[in-house]
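One file, query_21.txt, carrying compact mmCIF, C-alpha atoms and all ligand atoms:
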```txt
# COMPACT_ATOMS: atom_id res chain seq x y z
CA MET A 1 -43.79 3.45 29.81
CA SER A 2 -40.29 4.70 30.56
CA ARG A 3 -37.95 3.32 33.17
CA ARG A 4 -34.39 4.41 33.83
CA VAL A 5 -31.57 2.65 35.69
CA THR A 6 -27.88 3.48 36.19
CA VAL A 7 -25.38 0.76 37.01
CA SER A 8 -21.63 0.88 37.51
CA ALA A 9 -19.79 -2.37 36.80
CA PRO A 10 -16.11 -3.16 37.35
CA ALA A 11 -13.37 -4.38 35.07
CA ASN A 12 -11.65 -7.61 36.08
CA ILE A 13 -8.19 -9.08 35.73
CA ALA A 14 -7.87 -12.78 34.95
CA PHE A 15 -5.41 -15.06 36.79
CA VAL A 16 -6.14 -17.88 34.32
CA LYS A 17 -7.06 -16.22 31.03
CA TYR A 18 -9.74 -16.80 28.44
CA TRP A 19 -7.87 -16.99 25.12
CA GLY A 20 -9.30 -18.82 22.12
CA ALA A 21 -12.97 -19.79 21.85
CA ARG A 22 -14.67 -23.03 20.90
CA ASP A 23 -17.59 -20.90 19.67
CA LEU A 24 -16.44 -17.39 18.83
CA GLU A 25 -19.88 -16.20 17.74
CA ARG A 26 -21.31 -16.97 21.21
CA ALA A 27 -18.07 -16.30 23.13
CA LEU A 28 -17.91 -19.80 24.60
CA PRO A 29 -14.43 -20.68 25.89
CA HIS A 30 -12.34 -23.85 25.55
CA HIS A 31 -11.64 -23.93 29.27
CA PRO A 32 -12.63 -22.13 32.48
CA SER A 33 -11.03 -18.83 33.48
CA ILE A 34 -10.62 -17.27 36.93
CA SER A 35 -10.43 -13.55 37.66
CA MET A 36 -10.34 -10.94 40.37
CA THR A 37 -12.95 -8.21 40.11
CA LEU A 38 -11.50 -4.69 40.35
CA GLU A 39 -12.94 -1.73 42.24
CA VAL A 40 -11.55 1.48 40.72
CA CYS A 41 -11.73 0.69 36.97
CA ARG A 42 -15.45 0.74 36.22
CA SER A 43 -17.97 1.62 33.52
CA VAL A 44 -21.03 3.64 34.51
CA THR A 45 -24.05 3.20 32.25
CA THR A 46 -27.54 4.73 32.30
CA VAL A 47 -30.21 2.89 30.36
CA GLU A 48 -33.71 4.21 29.69
CA LEU A 49 -36.33 1.77 28.44
CA ARG A 50 -38.35 3.47 25.68
CA GLU A 51 -41.33 2.10 23.82
CA ASP A 52 -41.44 5.10 21.45
CA LEU A 53 -38.00 4.67 19.84
CA ALA A 54 -37.53 3.03 16.44
CA ARG A 55 -33.81 2.47 17.12
CA ASP A 56 -31.59 2.27 20.21
CA GLU A 57 -29.75 5.52 21.00
CA VAL A 58 -26.13 5.24 22.18
CA TRP A 59 -24.20 8.10 23.79
CA LEU A 60 -20.91 8.67 25.54
CA ALA A 61 -21.24 10.80 28.67
CA GLY A 62 -18.36 13.22 28.19
CA ALA A 63 -16.84 16.05 30.18
CA GLU A 64 -19.31 18.02 32.33
CA GLY A 65 -21.96 15.43 31.59
CA ARG A 66 -22.46 16.43 27.93
CA LEU A 67 -23.62 13.61 25.70
CA GLU A 68 -21.29 12.91 22.78
CA ALA A 69 -21.88 10.71 19.75
CA PRO A 70 -19.63 7.64 19.95
CA GLY A 71 -17.69 6.16 17.03
CA GLU A 72 -19.80 4.04 14.69
CA ALA A 73 -18.03 0.76 15.61
CA PHE A 74 -18.71 1.29 19.33
CA ALA A 75 -22.36 2.24 18.77
CA ALA A 76 -22.85 -0.79 16.51
CA ARG A 77 -21.39 -3.13 19.15
CA VAL A 78 -23.71 -1.73 21.84
CA ARG A 79 -26.71 -2.06 19.50
CA ARG A 80 -25.75 -5.67 18.70
CA HIS A 81 -25.57 -6.44 22.41
CA LEU A 82 -29.00 -4.89 23.02
CA GLU A 83 -30.38 -6.88 20.06
CA ALA A 84 -28.91 -10.10 21.52
CA ILE A 85 -30.47 -9.35 24.93
CA ARG A 86 -33.84 -8.71 23.27
CA ALA A 87 -33.59 -11.96 21.29
CA TRP A 88 -32.74 -13.82 24.49
CA THR A 89 -35.46 -12.28 26.63
CA GLY A 90 -38.14 -12.09 23.94
CA ARG A 91 -38.72 -8.41 24.69
CA LYS A 92 -39.10 -5.64 22.14
CA GLU A 93 -38.39 -2.34 23.86
CA ARG A 94 -35.67 0.02 22.64
CA PHE A 95 -33.24 1.86 24.89
CA ARG A 96 -31.44 5.16 25.27
CA VAL A 97 -27.97 4.43 26.62
CA ALA A 98 -25.24 6.73 27.94
CA THR A 99 -21.96 5.39 29.28
CA ARG A 100 -18.59 6.48 30.59
CA ASN A 101 -15.53 4.87 32.17
CA THR A 102 -13.96 5.87 35.47
CA PHE A 103 -10.51 5.23 34.01
CA PRO A 104 -8.96 7.22 31.17
CA ALA A 105 -10.50 6.11 27.88
CA ALA A 106 -7.11 6.42 26.21
CA ALA A 107 -5.37 4.25 28.81
CA GLY A 108 -5.49 1.22 26.53
CA LEU A 109 -7.26 -0.81 29.20
CA ALA A 110 -10.02 -3.18 28.18
CA SER A 111 -13.31 -1.48 28.92
CA SER A 112 -15.53 -4.02 27.20
CA ALA A 113 -15.86 -6.33 30.22
CA SER A 114 -17.01 -3.52 32.53
CA GLY A 115 -18.99 -1.78 29.77
CA PHE A 116 -21.04 -4.78 28.69
CA ALA A 117 -21.52 -6.00 32.27
CA ALA A 118 -22.91 -2.56 33.15
CA LEU A 119 -25.17 -2.59 30.08
CA ALA A 120 -26.51 -6.09 30.83
CA CYS A 121 -27.19 -5.25 34.49
CA ALA A 122 -28.87 -1.92 33.69
CA VAL A 123 -31.08 -3.41 30.97
CA SER A 124 -32.09 -6.27 33.29
CA LEU A 125 -33.04 -3.90 36.07
CA CYS A 126 -35.14 -1.87 33.60
CA HIS A 127 -37.47 -4.75 32.92
CA PRO A 128 -40.24 -4.83 35.48
CA GLU A 129 -41.02 -8.45 34.70
CA ARG A 130 -39.36 -11.13 32.65
CA THR A 131 -40.92 -13.35 30.09
CA ARG A 132 -38.88 -16.21 28.69
CA GLY A 133 -35.99 -18.60 28.91
CA ILE A 134 -33.81 -17.93 31.93
CA TRP A 135 -36.26 -15.17 32.86
CA ALA A 136 -39.26 -17.48 33.13
CA GLY A 137 -41.07 -17.43 36.42
CA ALA A 138 -38.67 -14.99 38.07
CA SER A 139 -40.32 -11.90 39.46
CA ASP A 140 -37.49 -10.73 41.70
CA ALA A 141 -34.17 -9.17 40.71
CA PRO A 142 -32.19 -11.12 38.13
CA THR A 143 -29.64 -13.53 39.53
CA ALA A 144 -25.91 -13.18 38.99
CA GLY A 145 -26.03 -16.24 36.72
CA GLU A 146 -28.62 -14.61 34.49
CA LEU A 147 -26.65 -11.37 34.38
CA SER A 148 -23.48 -13.27 33.51
CA VAL A 149 -25.12 -14.90 30.49
CA LEU A 150 -26.60 -11.57 29.35
CA ALA A 151 -23.22 -9.84 29.67
CA ARG A 152 -21.55 -12.60 27.64
CA LEU A 153 -24.10 -12.17 24.83
CA SER A 154 -22.12 -9.00 23.97
CA GLY A 155 -19.40 -11.24 22.54
CA SER A 156 -17.00 -10.10 25.30
CA GLY A 157 -16.46 -13.29 27.28
CA SER A 158 -14.65 -11.52 30.10
CA ALA A 159 -17.85 -9.47 30.68
CA ALA A 160 -19.42 -12.71 31.96
CA ARG A 161 -17.09 -12.44 34.99
CA SER A 162 -17.60 -8.72 35.66
CA VAL A 163 -21.17 -9.12 36.99
CA LEU A 164 -19.77 -10.61 40.22
CA GLY A 165 -17.48 -9.27 42.90
CA GLY A 166 -14.42 -10.84 44.48
CA TYR A 167 -12.88 -13.93 42.90
CA VAL A 168 -14.84 -15.37 40.00
CA GLU A 169 -14.73 -18.50 37.86
CA TRP A 170 -16.31 -18.70 34.41
CA PRO A 171 -16.73 -22.40 33.54
CA ALA A 172 -16.71 -23.89 30.06
CA GLU A 173 -19.08 -26.83 29.98
CA PRO A 174 -19.84 -27.66 26.37
CA GLY A 175 -23.31 -27.04 25.03
CA ASP A 176 -24.71 -24.78 27.71
CA GLU A 177 -24.63 -21.14 28.64
CA ALA A 178 -22.33 -21.64 31.66
CA PRO A 179 -22.62 -18.47 33.73
CA ALA A 180 -19.72 -17.28 35.87
CA ALA A 181 -19.94 -17.95 39.61
CA GLY A 182 -18.23 -16.54 42.66
CA LEU A 183 -15.31 -18.45 44.24
CA ALA A 184 -14.92 -16.03 47.16
CA PRO A 185 -16.16 -12.52 47.99
CA ALA A 186 -13.82 -9.52 47.93
CA ALA A 187 -13.74 -9.45 51.74
CA HIS A 188 -12.18 -12.93 51.74
CA TRP A 189 -8.78 -11.63 50.55
CA ASP A 190 -7.55 -8.06 50.12
CA LEU A 191 -5.30 -8.12 47.07
CA ARG A 192 -4.12 -5.01 45.26
CA CYS A 193 -3.59 -4.46 41.55
CA VAL A 194 -1.24 -1.67 40.49
CA ILE A 195 -1.63 -1.06 36.76
CA ALA A 196 1.38 0.31 34.88
CA LEU A 197 0.09 2.22 31.84
CA LEU A 198 2.36 1.85 28.83
CA GLU A 199 0.17 2.45 25.83
CA THR A 200 -2.70 4.68 24.96
CA GLY A 201 -5.50 4.31 22.45
CA GLU A 202 -7.02 1.34 20.70
CA LYS A 203 -4.98 -1.84 20.50
CA ALA A 204 -3.96 -2.79 16.97
CA VAL A 205 -5.48 -6.29 17.10
CA SER A 206 -8.75 -6.91 18.96
CA SER A 207 -9.19 -9.71 21.50
CA LEU A 208 -11.77 -11.16 19.13
CA GLU A 209 -9.11 -11.51 16.44
CA GLY A 210 -6.67 -12.88 19.03
CA HIS A 211 -9.19 -15.58 20.03
CA ARG A 212 -9.68 -16.42 16.35
CA ARG A 213 -5.94 -16.83 15.73
CA ALA A 214 -5.05 -18.61 19.00
CA PRO A 215 -5.57 -22.20 17.72
CA THR A 216 -3.07 -21.52 14.90
CA SER A 217 -0.25 -21.35 17.48
CA PRO A 218 1.64 -24.62 18.01
CA HIS A 219 1.52 -23.86 21.75
CA PHE A 220 -2.26 -23.66 21.98
CA ALA A 221 -2.87 -27.42 22.26
CA ARG A 222 -0.27 -27.64 25.04
CA ARG A 223 -1.99 -24.80 26.89
CA LEU A 224 -5.25 -26.75 26.87
CA GLU A 225 -3.41 -29.62 28.61
CA LEU A 226 -1.83 -27.34 31.22
CA VAL A 227 -4.82 -25.21 32.17
CA PRO A 228 -6.75 -27.73 34.34
CA GLY A 229 -3.81 -28.10 36.78
CA ARG A 230 -3.34 -24.35 36.84
CA LEU A 231 -7.04 -23.77 37.61
CA ALA A 232 -6.83 -26.23 40.53
CA THR A 233 -3.80 -24.40 41.96
CA VAL A 234 -5.48 -21.00 41.61
CA ARG A 235 -8.73 -22.18 43.25
CA GLN A 236 -6.79 -23.62 46.18
CA ALA A 237 -4.55 -20.53 46.50
CA ILE A 238 -7.63 -18.29 46.64
CA ARG A 239 -9.22 -20.54 49.29
CA ASP A 240 -5.98 -20.42 51.34
CA ARG A 241 -5.16 -16.74 50.61
CA ASP A 242 -1.78 -17.99 49.45
CA LEU A 243 -0.08 -15.45 47.17
CA SER A 244 3.15 -17.49 47.00
CA SER A 245 1.23 -20.26 45.18
CA LEU A 246 -1.03 -17.98 43.18
CA GLY A 247 1.58 -15.50 41.95
CA PRO A 248 3.88 -17.71 39.85
CA VAL A 249 0.85 -19.34 38.19
CA LEU A 250 -0.87 -16.09 37.23
CA GLU A 251 2.39 -14.71 35.85
CA ARG A 252 3.05 -17.86 33.80
CA ASP A 253 -0.50 -17.89 32.44
CA ALA A 254 -0.21 -14.31 31.16
CA ILE A 255 3.18 -14.92 29.56
CA GLU A 256 1.74 -18.01 27.88
CA LEU A 257 -1.16 -16.01 26.42
CA HIS A 258 1.36 -13.65 24.86
CA ALA A 259 3.57 -16.52 23.66
CA ILE A 260 0.51 -17.91 21.88
CA ALA A 261 -0.34 -14.49 20.42
CA MET A 262 3.25 -14.03 19.20
CA THR A 263 3.25 -17.47 17.55
CA SER A 264 -0.25 -17.23 16.02
CA GLU A 265 -0.68 -17.03 12.26
CA PRO A 266 -0.19 -14.14 11.59
CA PRO A 267 1.57 -13.24 14.87
CA ILE A 268 0.29 -10.58 17.27
CA PHE A 269 2.71 -8.49 19.35
CA TYR A 270 0.87 -6.72 22.16
CA TRP A 271 3.98 -5.95 24.26
CA ARG A 272 5.97 -2.71 24.10
CA PRO A 273 9.59 -2.33 25.26
CA GLY A 274 8.17 -0.89 28.49
CA THR A 275 6.27 -4.12 29.12
CA LEU A 276 9.55 -6.01 29.43
CA GLU A 277 10.96 -3.23 31.64
CA VAL A 278 8.00 -3.56 34.01
CA LEU A 279 8.26 -7.38 34.06
CA ALA A 280 11.96 -6.99 35.00
CA ALA A 281 11.13 -4.41 37.70
CA VAL A 282 8.61 -6.82 39.25
CA ARG A 283 11.22 -9.62 39.29
CA ASP A 284 13.61 -7.15 40.99
CA LEU A 285 10.94 -6.37 43.60
CA ARG A 286 10.59 -10.08 44.33
CA ARG A 287 14.36 -10.43 44.73
CA GLY A 288 14.05 -7.63 47.30
CA GLY A 289 11.44 -9.63 49.24
CA ILE A 290 8.28 -7.98 47.87
CA GLU A 291 5.48 -10.36 46.86
CA ALA A 292 4.46 -8.89 43.51
CA TYR A 293 3.43 -10.71 40.31
CA SER A 294 2.71 -9.47 36.79
CA THR A 295 -0.16 -10.17 34.45
CA MET A 296 -1.15 -8.64 31.11
CA ASP A 297 -4.34 -8.77 29.07
CA ALA A 298 -4.32 -8.37 25.29
CA GLY A 299 -2.28 -5.19 25.45
CA ALA A 300 1.02 -3.73 26.64
CA ASN A 301 -0.08 -2.58 30.12
CA VAL A 302 1.00 -4.62 33.13
CA HIS A 303 -1.22 -5.37 36.14
CA VAL A 304 0.85 -6.08 39.22
CA ILE A 305 -0.85 -8.13 41.94
CA CYS A 306 0.44 -7.66 45.48
CA PRO A 307 -0.68 -7.60 49.13
CA PRO A 308 -1.84 -4.28 50.64
CA GLU A 309 1.32 -3.76 52.69
CA ASP A 310 3.53 -3.90 49.58
CA GLU A 311 1.37 -1.67 47.38
CA PRO A 312 3.18 1.64 48.12
CA ARG A 313 6.61 0.17 47.28
CA VAL A 314 5.25 -1.52 44.15
CA ALA A 315 3.71 1.77 43.00
CA THR A 316 6.94 3.70 43.63
CA ALA A 317 9.00 1.13 41.74
CA LEU A 318 6.64 0.96 38.75
CA ALA A 319 6.36 4.75 38.45
CA ALA A 320 10.14 4.90 38.00
CA VAL A 321 10.23 2.43 35.07
CA PRO A 322 11.02 4.10 31.72
CA GLY A 323 7.97 4.10 29.44
CA VAL A 324 5.40 3.96 32.24
CA GLY A 325 3.02 6.85 31.53
CA GLY A 326 0.90 6.53 34.66
CA LEU A 327 -0.43 4.18 37.32
CA ILE A 328 -3.87 3.10 38.42
CA ARG A 329 -3.95 1.75 41.96
CA ASP A 330 -6.79 -0.73 42.03
CA ARG A 331 -7.86 -3.53 44.37
CA VAL A 332 -10.30 -6.42 44.60
CA GLY A 333 -13.87 -5.11 44.63
CA ASP A 334 -17.49 -6.04 45.20
CA GLY A 335 -18.99 -6.02 41.71
CA PRO A 336 -21.74 -4.02 39.99
CA ARG A 337 -23.98 -1.62 41.87
CA GLU A 338 -26.92 0.60 41.10
CA GLU A 339 -26.03 4.33 41.10
CA GLU A 340 -28.04 7.52 41.61
CA ALA A 341 -26.50 9.39 38.66
CA ASN A 342 -28.43 9.90 35.43
CA LEU A 343 -25.91 10.11 32.60
CA LEU A 344 -28.70 10.86 30.12
CA ALA A 345 -29.54 14.14 31.86
CA GLY A 346 -26.73 16.10 30.21
CA GLY A 347 -28.19 16.73 26.75
CA ALA A 348 -26.41 16.26 23.45
CA GLY A 349 -23.21 18.23 22.89
CA ARG A 350 -21.41 16.83 19.92
C1 LIG A 401 -6.90 -11.26 27.37
O1 LIG A 401 -13.21 -11.42 24.28
O2 LIG A 401 -13.54 -10.83 26.72
O3 LIG A 401 -8.59 -10.15 28.60
O4 LIG A 401 -14.05 -8.13 24.48
O5 LIG A 401 -11.75 -7.14 24.53
O6 LIG A 401 -12.93 -7.66 26.65
P1 LIG A 401 -12.77 -7.99 25.21
O7 LIG A 401 -12.11 -9.41 25.25
P2 LIG A 401 -12.68 -10.83 25.55
O8 LIG A 401 -11.30 -11.57 25.87
C2 LIG A 401 -10.59 -11.29 27.02
C3 LIG A 401 -9.21 -11.67 26.83
C4 LIG A 401 -8.28 -11.36 27.98
C5 LIG A 401 -8.23 -12.51 29.00
C6 LIG A 401 -9.33 -12.57 30.03
O9 LIG A 401 -9.82 -11.52 30.48
O10 LIG A 401 -9.67 -13.70 30.41
```
In structure tokens, how does this file's structure come out?
Amino acid sequence: MSRRVTVSAPANIAFVKYWGARDLERALPHHPSISMTLEVCRSVTTVELREDLARDEVWLAGAEGRLEAPGEAFAARVRRHLEAIRAWTGRKERFRVATRNTFPAAAGLASSASGFAALACAVSLCHPERTRGIWAGASDAPTAGELSVLARLSGSGSAARSVLGGYVEWPAEPGDEAPAAGLAPAAHWDLRCVIALLETGEKAVSSLEGHRRAPTSPHFARRLELVPGRLATVRQAIRDRDLSSLGPVLERDAIELHAIAMTSEPPIFYWRPGTLEVLAAVRDLRRGGIEAYSTMDAGANVHVICPPEDEPRVATALAAVPGVGGLIRDRVGDGPREEEANLLAGGAGR
């Protein structure tokens, strides 16, 4: 039997970040995180369920649809995720997988959240029936909660949030598999995210390593005390569509993540000189009456959150900052969707 599904899943940007894990192996966080799902930055993944394969096949869908062999580390991570999904579901089938991102691969943006969310959703939709655990008794489409757990089995915790649209909270109850859940749909609040691209290529230190080192920072314990109040403010601000309350908190949370990274043992410096230039430009925008706030993941690029009416001025200002190599103009989006495309149709190029 062969069944093929293509899913596109979005990246997300966290307002309260996941940084440091109480169980790194299973990507279980110390505290909840809250994010906004993006629309433009997505991973598109075709998965074909194959009973005749001895090993999963992993491809990158390159230019003009040609299939290219990925780097060994990437292929191994995809295979590990598929293995974890099989172990969880009790199924045996192998898969052919082809994937691509809608944003430049060299943009230095995290693609693992969108990539593993797309993989988890596509694999789930390939299974005509489900057999075990969270799958037991369900004959309809998998729920968002199930998909969230499957995405997280990749080891990318932020992927747990990318299976949902709008504003999403990933809880952290000890001892369970705590799936992410929606706080509000995208239609609730139109926020924009202008991404200033400052670095290209792989980051020097992975998020996984950053999570591992986080507890070695003297500021980590203090962060654990501060986060609950911050989460409450962010939930309320989303409910009220109140950017003046949300903005300062999301900016502080991102700076704190980087303060922890910089004071970890050994320290991690994700910022570039251009990062500071963009942070200053955003403060200047605010002084000029524009509601714009910065956040950064584990990298140098800056995501600037603003209302739709300010987006053009934010984009113009960021494009003029020295060191900014490009912009992506993104916005809150609806989450994963099934697509018509078949990325496996292209044939191997190499
Ligand atoms: C800084 O372990 O999910 O983006 O596997 O690289 O996506 P990747 O990282 P993951 O950690 C995410 C860290 C973060 C903050 C966040 O998205 O919450």
Using only C-alpha atoms, which of A:Asn342, A:Ser154, A:Arg50, A:Gly210 sits nearest Ala76 of chain A?
A:Ser154
With distances taken over only C-alpha atoms, which residue among A:Gly166, A:Gly288, A:Lys17, A:Ala120 lies nearest Leu147 of chain A?
A:Ala120
Residue list as a JSON list (two decimals) with C-alpha atoms, in the coordinates of the input for point (-26.7, -10.3, 28.6), cut-off 10 Å, all atoms listed in the file:
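Output (part_16.json):
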```
[["chain", "number", "residue", "atom", "x", "y", "z"],
["A", 81, "HIS", "CA", -25.57, -6.44, 22.41],
["A", 82, "LEU", "CA", -29.00, -4.89, 23.02],
["A", 83, "GLU", "CA", -30.38, -6.88, 20.06],
["A", 84, "ALA", "CA", -28.91, -10.10, 21.52],
["A", 85, "ILE", "CA", -30.47, -9.35, 24.93],
["A", 86, "ARG", "CA", -33.84, -8.71, 23.27],
["A", 88, "TRP", "CA", -32.74, -13.82, 24.49],
["A", 89, "THR", "CA", -35.46, -12.28, 26.63],
["A", 116, "PHE", "CA", -21.04, -4.78, 28.69],
["A", 117, "ALA", "CA", -21.52, -6.00, 32.27],
["A", 118, "ALA", "CA", -22.91, -2.56, 33.15],
["A", 119, "LEU", "CA", -25.17, -2.59, 30.08],
["A", 120, "ALA", "CA", -26.51, -6.09, 30.83],
["A", 121, "CYS", "CA", -27.19, -5.25, 34.49],
["A", 123, "VAL", "CA", -31.08, -3.41, 30.97],
["A", 124, "SER", "CA", -32.09, -6.27, 33.29],
["A", 146, "GLU", "CA", -28.62, -14.61, 34.49],
["A", 147, "LEU", "CA", -26.65, -11.37, 34.38],
["A", 148, "SER", "CA", -23.48, -13.27, 33.51],
["A", 149, "VAL", "CA", -25.12, -14.90, 30.49],
["A", 150, "LEU", "CA", -26.60, -11.57, 29.35],
["A", 151, "ALA", "CA", -23.22, -9.84, 29.67],
["A", 152, "ARG", "CA", -21.55, -12.60, 27.64],
["A", 153, "LEU", "CA", -24.10, -12.17, 24.83],
["A", 154, "SER", "CA", -22.12, -9.00, 23.97],
["A", 155, "GLY", "CA", -19.40, -11.24, 22.54],
["A", 159, "ALA", "CA", -17.85, -9.47, 30.68],
["A", 160, "ALA", "CA", -19.42, -12.71, 31.96]]
```
Pick out the residues no farther than 8 Å from ligand LIG 401 (chain A), counting all atoms listed in the file, and list them as a PyMOL selection string.
chain A and resi 12-19+27+33-35+110-113+155-159+206-208+211+257+296-299
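Among the candidate residues A:Ile238, A:Ala144, A:Val278, A:Ala214, the one lying nearest to Asp190 of chain A is A:Ile238, with distances computed using only C-alpha atoms.
The nearest approach to His258 of chain A among the residues A:Ala300, A:Val5, A:Leu198, A:Ala232, with all atoms listed in the file taken into account, belongs to A:Ala300.
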A:Pro29, A:Gly65, A:Pro10, A:Gly323: which is nearest Thr200 of chain A, counting only C-alpha atoms?
A:Gly323
Rebuild all heavy atoms on segment 86-93 of chain A, as a CSV table (one decimal), in the coordinates of the input?
```csv
chain,number,residue,atom,x,y,z
A,86,ARG,N,-32.4,-8.6,23.6
A,86,ARG,CA,-33.8,-8.7,23.3
A,86,ARG,C,-34.2,-10.1,22.7
A,86,ARG,O,-35.2,-10.7,23.1
A,86,ARG,CB,-34.2,-7.6,22.2
A,86,ARG,CG,-34.5,-6.3,22.8
A,86,ARG,CD,-35.1,-5.4,21.8
A,86,ARG,NE,-34.1,-4.9,20.8
A,86,ARG,CZ,-33.4,-3.8,21.0
A,86,ARG,NH1,-33.6,-3.0,22.0
A,86,ARG,NH2,-32.5,-3.5,20.1
A,87,ALA,N,-33.3,-10.6,21.9
A,87,ALA,CA,-33.6,-12.0,21.3
A,87,ALA,C,-33.7,-13.0,22.4
A,87,ALA,O,-34.5,-13.9,22.4
A,87,ALA,CB,-32.5,-12.3,20.3
A,88,TRP,N,-32.8,-12.9,23.4
A,88,TRP,CA,-32.7,-13.8,24.5
A,88,TRP,C,-34.0,-13.7,25.4
A,88,TRP,O,-34.5,-14.7,25.8
A,88,TRP,CB,-31.5,-13.6,25.3
A,88,TRP,CG,-31.2,-14.6,26.4
A,88,TRP,CD1,-31.7,-14.5,27.7
A,88,TRP,CD2,-30.5,-15.8,26.3
A,88,TRP,NE1,-31.3,-15.6,28.4
A,88,TRP,CE2,-30.6,-16.4,27.5
A,88,TRP,CE3,-29.9,-16.4,25.2
A,88,TRP,CZ2,-30.0,-17.6,27.8
A,88,TRP,CZ3,-29.3,-17.7,25.5
A,88,TRP,CH2,-29.3,-18.2,26.7
A,89,THR,N,-34.4,-12.5,25.7
A,89,THR,CA,-35.5,-12.3,26.6
A,89,THR,C,-36.8,-12.3,26.0
A,89,THR,O,-37.8,-12.4,26.7
A,89,THR,CB,-35.3,-10.9,27.4
A,89,THR,OG1,-35.3,-9.9,26.4
A,89,THR,CG2,-34.0,-10.9,28.2
A,90,GLY,N,-36.9,-12.2,24.6
A,90,GLY,CA,-38.1,-12.1,23.9
A,90,GLY,C,-38.8,-10.8,24.1
A,90,GLY,O,-40.0,-10.6,23.8
A,91,ARG,N,-38.1,-9.7,24.5
A,91,ARG,CA,-38.7,-8.4,24.7
A,91,ARG,C,-38.4,-7.6,23.5
A,91,ARG,O,-37.6,-7.8,22.7
A,91,ARG,CB,-38.2,-7.8,26.0
A,91,ARG,CG,-38.4,-8.7,27.2
A,91,ARG,CD,-38.5,-7.9,28.4
A,91,ARG,NE,-39.5,-6.9,28.4
A,91,ARG,CZ,-40.6,-6.9,29.2
A,91,ARG,NH1,-40.8,-7.9,30.0
A,91,ARG,NH2,-41.4,-5.9,29.2
A,92,LYS,N,-39.2,-6.4,23.4
A,92,LYS,CA,-39.1,-5.6,22.1
A,92,LYS,C,-38.6,-4.2,22.4
A,92,LYS,O,-38.3,-3.5,21.4
A,92,LYS,CB,-40.5,-5.5,21.5
A,92,LYS,CG,-41.1,-6.9,21.1
A,92,LYS,CD,-40.8,-7.2,19.7
A,92,LYS,CE,-41.4,-8.5,19.2
A,92,LYS,NZ,-40.8,-9.7,19.9
A,93,GLU,N,-38.6,-3.8,23.6
A,93,GLU,CA,-38.4,-2.3,23.9
A,93,GLU,C,-37.0,-1.9,23.4
A,93,GLU,O,-36.1,-2.6,23.5
A,93,GLU,CB,-38.5,-2.0,25.4
A,93,GLU,CG,-39.9,-2.2,25.9
A,93,GLU,CD,-40.0,-3.6,26.5
A,93,GLU,OE1,-39.2,-4.5,26.2
A,93,GLU,OE2,-40.9,-3.9,27.3
```
